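For reference, structure_5.csv (CSV, C-alpha atoms):
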chain,number,residue,atom,x,y,z
O,4,MET,CA,171.3,106.1,48.6
O,5,GLU,CA,174.5,106.6,50.5
O,6,ILE,CA,175.4,108.9,53.4
O,7,ILE,CA,179.0,109.4,54.5
O,8,THR,CA,179.9,110.7,58.0
O,9,GLU,CA,183.2,111.1,59.7
O,10,ARG,CA,183.6,107.4,60.6
O,11,LEU,CA,180.7,105.7,58.8
O,12,ILE,CA,179.1,104.9,55.5
O,13,LEU,CA,175.3,104.4,55.5
O,14,ARG,CA,174.5,102.5,52.3
O,15,GLU,CA,171.8,100.4,50.8
O,16,PHE,CA,171.7,96.8,51.9
O,17,LEU,CA,173.1,94.0,49.7
O,18,PHE,CA,171.9,90.4,50.0
O,19,ASN,CA,175.5,89.3,51.0
O,20,ASP,CA,175.2,91.5,54.1
O,21,TRP,CA,173.1,88.8,55.9
O,22,PRO,CA,176.0,86.9,57.6
O,23,ALA,CA,177.2,90.2,59.3
O,24,VAL,CA,173.6,91.0,60.3
O,25,LEU,CA,173.1,87.5,61.7
O,26,ALA,CA,176.3,87.8,63.7
O,27,TYR,CA,175.0,90.8,65.8
O,28,GLN,CA,171.4,89.5,65.8
O,29,GLN,CA,172.6,86.3,67.6
O,30,ASP,CA,174.2,88.2,70.4
O,31,HIS,CA,172.3,87.9,73.7
O,32,ARG,CA,172.8,91.6,74.5
O,33,TYR,CA,171.2,92.5,71.2
O,34,LEU,CA,168.2,90.1,71.8
O,35,GLU,CA,167.4,91.5,75.3
O,36,PHE,CA,164.7,93.9,74.1
O,37,TYR,CA,163.3,92.0,71.2
O,38,PRO,CA,160.5,89.4,71.2
O,39,PHE,CA,162.6,86.7,69.7
O,40,SER,CA,165.2,84.8,71.7
O,41,THR,CA,167.3,83.4,68.9
O,42,ARG,CA,168.0,84.2,65.2
O,43,ILE,CA,169.0,81.8,62.5
O,44,GLY,CA,170.3,82.3,58.9
O,45,SER,CA,166.9,82.0,57.3
O,46,ASP,CA,165.4,84.7,59.6
O,47,THR,CA,168.2,87.1,58.7
O,48,LYS,CA,168.0,86.4,55.0
O,49,LYS,CA,164.3,87.3,55.1
O,50,PHE,CA,165.1,90.4,57.1
O,51,VAL,CA,167.7,91.6,54.5
O,52,GLN,CA,165.5,90.6,51.6
O,53,TRP,CA,162.7,92.8,53.0
O,54,TYR,CA,165.0,95.8,52.9
O,55,LEU,CA,166.1,94.9,49.4
O,56,ASP,CA,162.5,94.7,48.2
O,57,GLU,CA,161.8,98.1,49.7
O,58,GLN,CA,164.7,99.7,47.8
O,59,THR,CA,162.6,99.2,44.6
O,60,GLU,CA,159.4,100.9,45.9
O,61,SER,CA,158.4,104.2,44.4
O,62,PRO,CA,157.7,106.4,46.2
O,63,ARG,CA,160.0,105.0,48.8
O,64,ASN,CA,158.3,104.9,52.2
O,65,ARG,CA,161.2,103.1,54.1
O,66,VAL,CA,164.8,103.9,53.9
O,67,GLN,CA,166.8,101.3,55.9
O,68,LEU,CA,170.5,101.5,55.5
O,69,ALA,CA,173.4,99.3,56.5
O,70,VAL,CA,175.8,101.1,58.9
O,71,VAL,CA,179.4,100.3,57.8
O,72,LEU,CA,182.7,101.4,59.4
O,73,LYS,CA,184.5,103.6,56.8
O,74,GLU,CA,187.9,102.5,57.9
O,75,THR,CA,187.4,98.7,57.7
O,76,SER,CA,184.1,98.3,55.6
O,77,GLU,CA,182.7,96.1,58.5
O,78,LEU,CA,178.9,96.2,58.7
O,79,ILE,CA,178.1,97.1,62.3
O,80,GLY,CA,174.3,97.7,62.2
O,81,ASN,CA,171.5,99.5,60.4
O,82,ALA,CA,169.5,102.7,60.7
O,83,GLY,CA,166.4,103.8,59.0
O,84,VAL,CA,163.1,105.7,58.8
O,85,HIS,CA,159.7,104.5,57.8
O,86,ARG,CA,157.1,107.0,56.6
O,87,LYS,CA,153.9,106.6,58.5
O,88,PRO,CA,151.1,105.1,56.4
O,89,GLU,CA,148.5,107.7,57.3
O,90,ASN,CA,150.6,110.7,56.1
O,91,ASP,CA,153.7,111.6,54.1
O,92,TRP,CA,155.1,114.2,56.5
O,93,GLU,CA,156.0,112.0,59.4
O,94,ALA,CA,158.3,109.0,59.8
O,95,ASP,CA,159.5,106.6,62.5
O,96,LEU,CA,163.2,106.3,63.2
O,97,GLY,CA,165.0,103.1,64.2
O,98,PHE,CA,168.6,102.0,64.7
O,99,LYS,CA,170.5,98.8,65.6
O,100,ILE,CA,174.2,98.6,66.3
O,101,ALA,CA,176.2,95.4,67.0
O,102,PRO,CA,176.8,95.1,70.8
O,103,GLU,CA,180.6,95.0,70.4
O,104,HIS,CA,180.4,98.6,68.9
O,105,TRP,CA,178.1,100.0,71.6
O,106,ARG,CA,179.2,103.1,73.6
O,107,GLN,CA,181.3,104.5,70.7
O,108,GLY,CA,178.9,107.0,69.4
O,109,TYR,CA,178.1,105.1,66.2
O,110,ALA,CA,174.3,105.0,66.7
O,111,THR,CA,174.2,108.8,67.3
O,112,GLU,CA,176.5,109.5,64.3
O,113,ALA,CA,174.5,107.3,62.0
O,114,THR,CA,171.0,108.5,63.0
O,115,ALA,CA,172.0,112.2,63.1
O,116,ALA,CA,173.2,111.9,59.4
O,117,LEU,CA,170.0,110.0,58.5
O,118,ILE,CA,167.8,112.5,60.2
O,119,ALA,CA,169.4,115.4,58.4
O,120,SER,CA,169.1,113.6,55.1
O,121,ASP,CA,165.5,112.6,55.6
O,122,PHE,CA,164.2,115.9,56.7
O,123,LYS,CA,165.6,117.3,53.5
O,124,GLU,CA,165.1,114.5,51.0
O,125,MET,CA,161.8,113.0,52.2
O,126,LYS,CA,160.5,116.5,53.1
O,127,LEU,CA,159.5,115.3,56.6
O,128,HIS,CA,158.0,117.6,59.2
O,129,ARG,CA,158.4,115.2,62.1
O,130,ILE,CA,160.4,112.2,63.1
O,131,SER,CA,159.2,109.9,66.0
O,132,ALA,CA,160.9,107.0,67.7
O,133,SER,CA,160.1,104.6,70.5
O,134,CYS,CA,162.1,102.2,72.6
O,135,ILE,CA,161.5,99.7,75.4
O,136,ALA,CA,161.7,101.8,78.6
O,137,GLU,CA,164.4,99.7,80.1
O,138,SER,CA,166.7,100.2,77.1
O,139,ARG,CA,168.4,103.2,78.6
O,140,ALA,CA,171.1,103.3,75.9
O,141,SER,CA,168.5,103.7,73.2
O,142,ALA,CA,166.8,106.4,75.1
O,143,ARG,CA,170.2,108.2,75.6
O,144,VAL,CA,170.8,108.1,71.9
O,145,LEU,CA,167.4,109.6,71.1
O,146,LEU,CA,167.9,112.4,73.6
O,147,LYS,CA,171.4,113.1,72.2
O,148,LEU,CA,169.7,113.5,68.8
O,149,GLY,CA,167.6,116.3,70.2
O,150,THR,CA,164.3,114.4,70.4
O,151,ARG,CA,161.9,115.2,73.1
O,152,GLU,CA,160.4,112.5,75.3
O,153,GLU,CA,156.6,112.8,74.7
O,154,GLY,CA,155.3,110.0,76.8
O,155,ARG,CA,155.4,106.5,78.1
O,156,LEU,CA,153.0,103.7,77.2
O,157,GLN,CA,152.5,101.4,80.1
O,158,GLU,CA,152.8,97.7,79.5
O,159,ASN,CA,152.0,97.9,75.9
O,160,LYS,CA,154.3,95.2,74.7
O,161,PHE,CA,154.3,91.5,75.8
O,162,PHE,CA,157.2,89.2,75.1
O,163,LYS,CA,159.6,86.9,76.9
O,164,GLY,CA,156.9,86.2,79.4
O,165,ARG,CA,156.3,89.7,80.7
O,166,TRP,CA,154.9,93.2,79.9
O,167,TRP,CA,157.2,96.0,78.9
O,168,ASP,CA,156.7,99.8,78.9
O,169,THR,CA,157.6,101.9,75.8
O,170,ARG,CA,159.0,105.4,75.8
O,171,ILE,CA,157.9,107.7,72.9
O,172,PHE,CA,160.1,110.5,71.5
O,173,GLY,CA,159.5,113.1,68.8
O,174,LEU,CA,161.5,115.7,66.8
O,175,LEU,CA,160.2,118.5,64.6
O,176,LYS,CA,162.2,119.7,61.6
O,177,SER,CA,162.0,123.2,63.1
O,178,LYS,CA,163.7,122.0,66.3
O,179,TRP,CA,166.5,120.0,64.5
O,180,ALA,CA,169.9,121.3,65.4
O,181,GLY,CA,172.0,118.2,65.1
O,182,PRO,CA,173.1,115.9,67.9
O,183,ASN,CA,173.8,117.3,71.4
Represent the supplied structure as structure tokens.
Amino acid sequence: MEIITERLILREFLFNDWPAVLAYQQDHRYLEFYPFSTRIGSDTKKFVQWYLDEQTESPRNRVQLAVVLKETSELIGNAGVHRKPENDWEADLGFKIAPEHWRQGYATEATAALIASDFKEMKLHRISASCIAESRASARVLLKLGTREEGRLQENKFFKGRWWDTRIFGLLKSKWAGPN
């Protein structure tokens, strides 16, 4: 699968992508809202291999694509959807962009293209997403995509020695109009 936007190519992961993924996963800004405090090569190799294994599933329940700059071919993150196990009409959305590429609209551009494709190709009715409540940038991207905030789970995640709230967002196919 490949999706091309104005500035990006969203493509299937290759095993050789792991060093680029490790580079952004080691950044302290990236790690702020994740349970792990460090990443090493073996962690990232397993991470990339997981996505490679999922590429062979049929039917495919997860589509996780590498986000690559069209102009330079630099891998700057990933975006994907994971069909919910209890039904085939709803999927969770996720995205990660290397910190040096934040605030340039890449997360919105990549996920908007992915949403449009997945509503059509996966025949989804609804896409949901969540983020740590303190991750204002992630929430901003989700709102730009047209998702609606549906709630907040209080202290439902525990990592790095503290409890974190999670914000929940949703988008129906009938409400999808592209990014704001």
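Atom CA of O:Trp21 sits 28.5 Å away from atom CA of O:Ala136.
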Could you name the residues that touch stretch 50-60 of chain O at 7 Å or less, counting all atoms listed in the file, but leaving out those on the same chain fewer than 4 positions away, as a VMD selection string?
chain O and resid 16 18 21 46 65 67
Write out as number ranges by chain which residues come within 9 Å of stretch 7-9 of chain O when counting only C-alpha atoms, dropping same-chain ones fewer than 2 positions away.
O: 5, 11-14, 73, 112-113, 116
Export C-alpha atoms of the chosen residues as a compact mmCIF listing (two decimals), in the frame of the given file?
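The result, written out as result-v5.txt:
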# COMPACT_ATOMS: atom_id res chain seq x y z
CA GLU O 5 174.50 106.60 50.50
CA LEU O 11 180.70 105.70 58.80
CA ILE O 12 179.10 104.90 55.50
CA LEU O 13 175.30 104.40 55.50
CA ARG O 14 174.50 102.50 52.30
CA LYS O 73 184.50 103.60 56.80
CA GLU O 112 176.50 109.50 64.30
CA ALA O 113 174.50 107.30 62.00
CA ALA O 116 173.20 111.90 59.40
Between atom CA of O:Tyr27 and atom CA of O:Thr41, what distance in Å does the model show, to one decimal?
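Computed distance, atom CA of O:Tyr27 to atom CA of O:Thr41, equals 11.1 Å.
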Select from stretch 124-172 of chain O every residue with an atom at most 12 Å from any atom of stretch 28-33 of chain O, then for each give the shortest pair of atoms and their distance in Å to one decimal, using all atoms listed in the file, rows by chain and rising number, as a tab-separated table.
residue	atom	partner	partner_atom	distance
O:Ser138	CA	O:Tyr33	CA	10.7
O:Ala140	CA	O:Tyr33	CA	11.8
O:Ser141	CA	O:Tyr33	CA	11.7
Dump C-alpha atoms for the selected residues as a PDB file, in the coordinates of the input?
ATOM      1  CA  SER O 138     166.700 100.200  77.100  1.00  0.00           C
ATOM      2  CA  ALA O 140     171.100 103.300  75.900  1.00  0.00           C
ATOM      3  CA  SER O 141     168.500 103.700  73.200  1.00  0.00           C
TER       4      SER O 141
END
Pick from O:Ala115, O:Val71, O:Ala94, O:Ala101, whichever lies nearest to O:Lys147 using only C-alpha atoms:
O:Ala115
Work out how far atom CA of O:Thr150 is from atom CA of O:Ser131, in Å to one decimal.
8.1 Å
Restricting the calculation to all atoms listed in the file: of O:Asp95, O:Glu153, O:Glu124, O:Glu137, which residue gets closest to O:Gly83?
O:Asp95
With distances taken over all atoms listed in the file, the candidate from O:Lys123, O:Arg86, O:Arg63, O:Arg155 nearest O:Ile135 is O:Arg155
Nearest to O:Asp121, restricted to all atoms listed in the file and choosing among O:Trp166, O:Phe161, O:Trp92, O:Tyr37, comes out as O:Trp92
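With distances taken over only C-alpha atoms, O:Val24 is the one residue among O:Val24, O:Leu72, O:Ala110, O:Val66 lying closest to O:Arg42.
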Could you check which of O:Leu78, O:Arg139, O:Lys49, O:Leu148 is closest to O:Arg170, using all atoms listed in the file?
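So, comparing all the options, the nearest one is O:Arg139.
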Determine, counting only C-alpha atoms, which protein, DNA and RNA residues have an atom within 10 Å of an atom of O:Thr111; residues of the same chain fewer than 2 positions away are not included. Present the result as a list in words.
Phe98, Arg106, Gln107, Gly108, Tyr109, Ala113, Thr114, Ala115, Ala116, Leu117, Ser141, Arg143, Val144, Leu145, Leu146, Lys147, Leu148, Gly181, Pro182 and Asn183 of chain O
Polymer residues at most 8 Å from O:Glu158, only C-alpha atoms, same-chain spacing of 2 or more positions, as a PyMOL selection string:
chain O and resi 156+160-161+166-169
Close residues, O:Ile130 itself excluded, 8 Å, all atoms listed in the file, min 4 positions apart in chain, as a VMD selection string:
chain O and resid 93 to 96 118 173 to 176
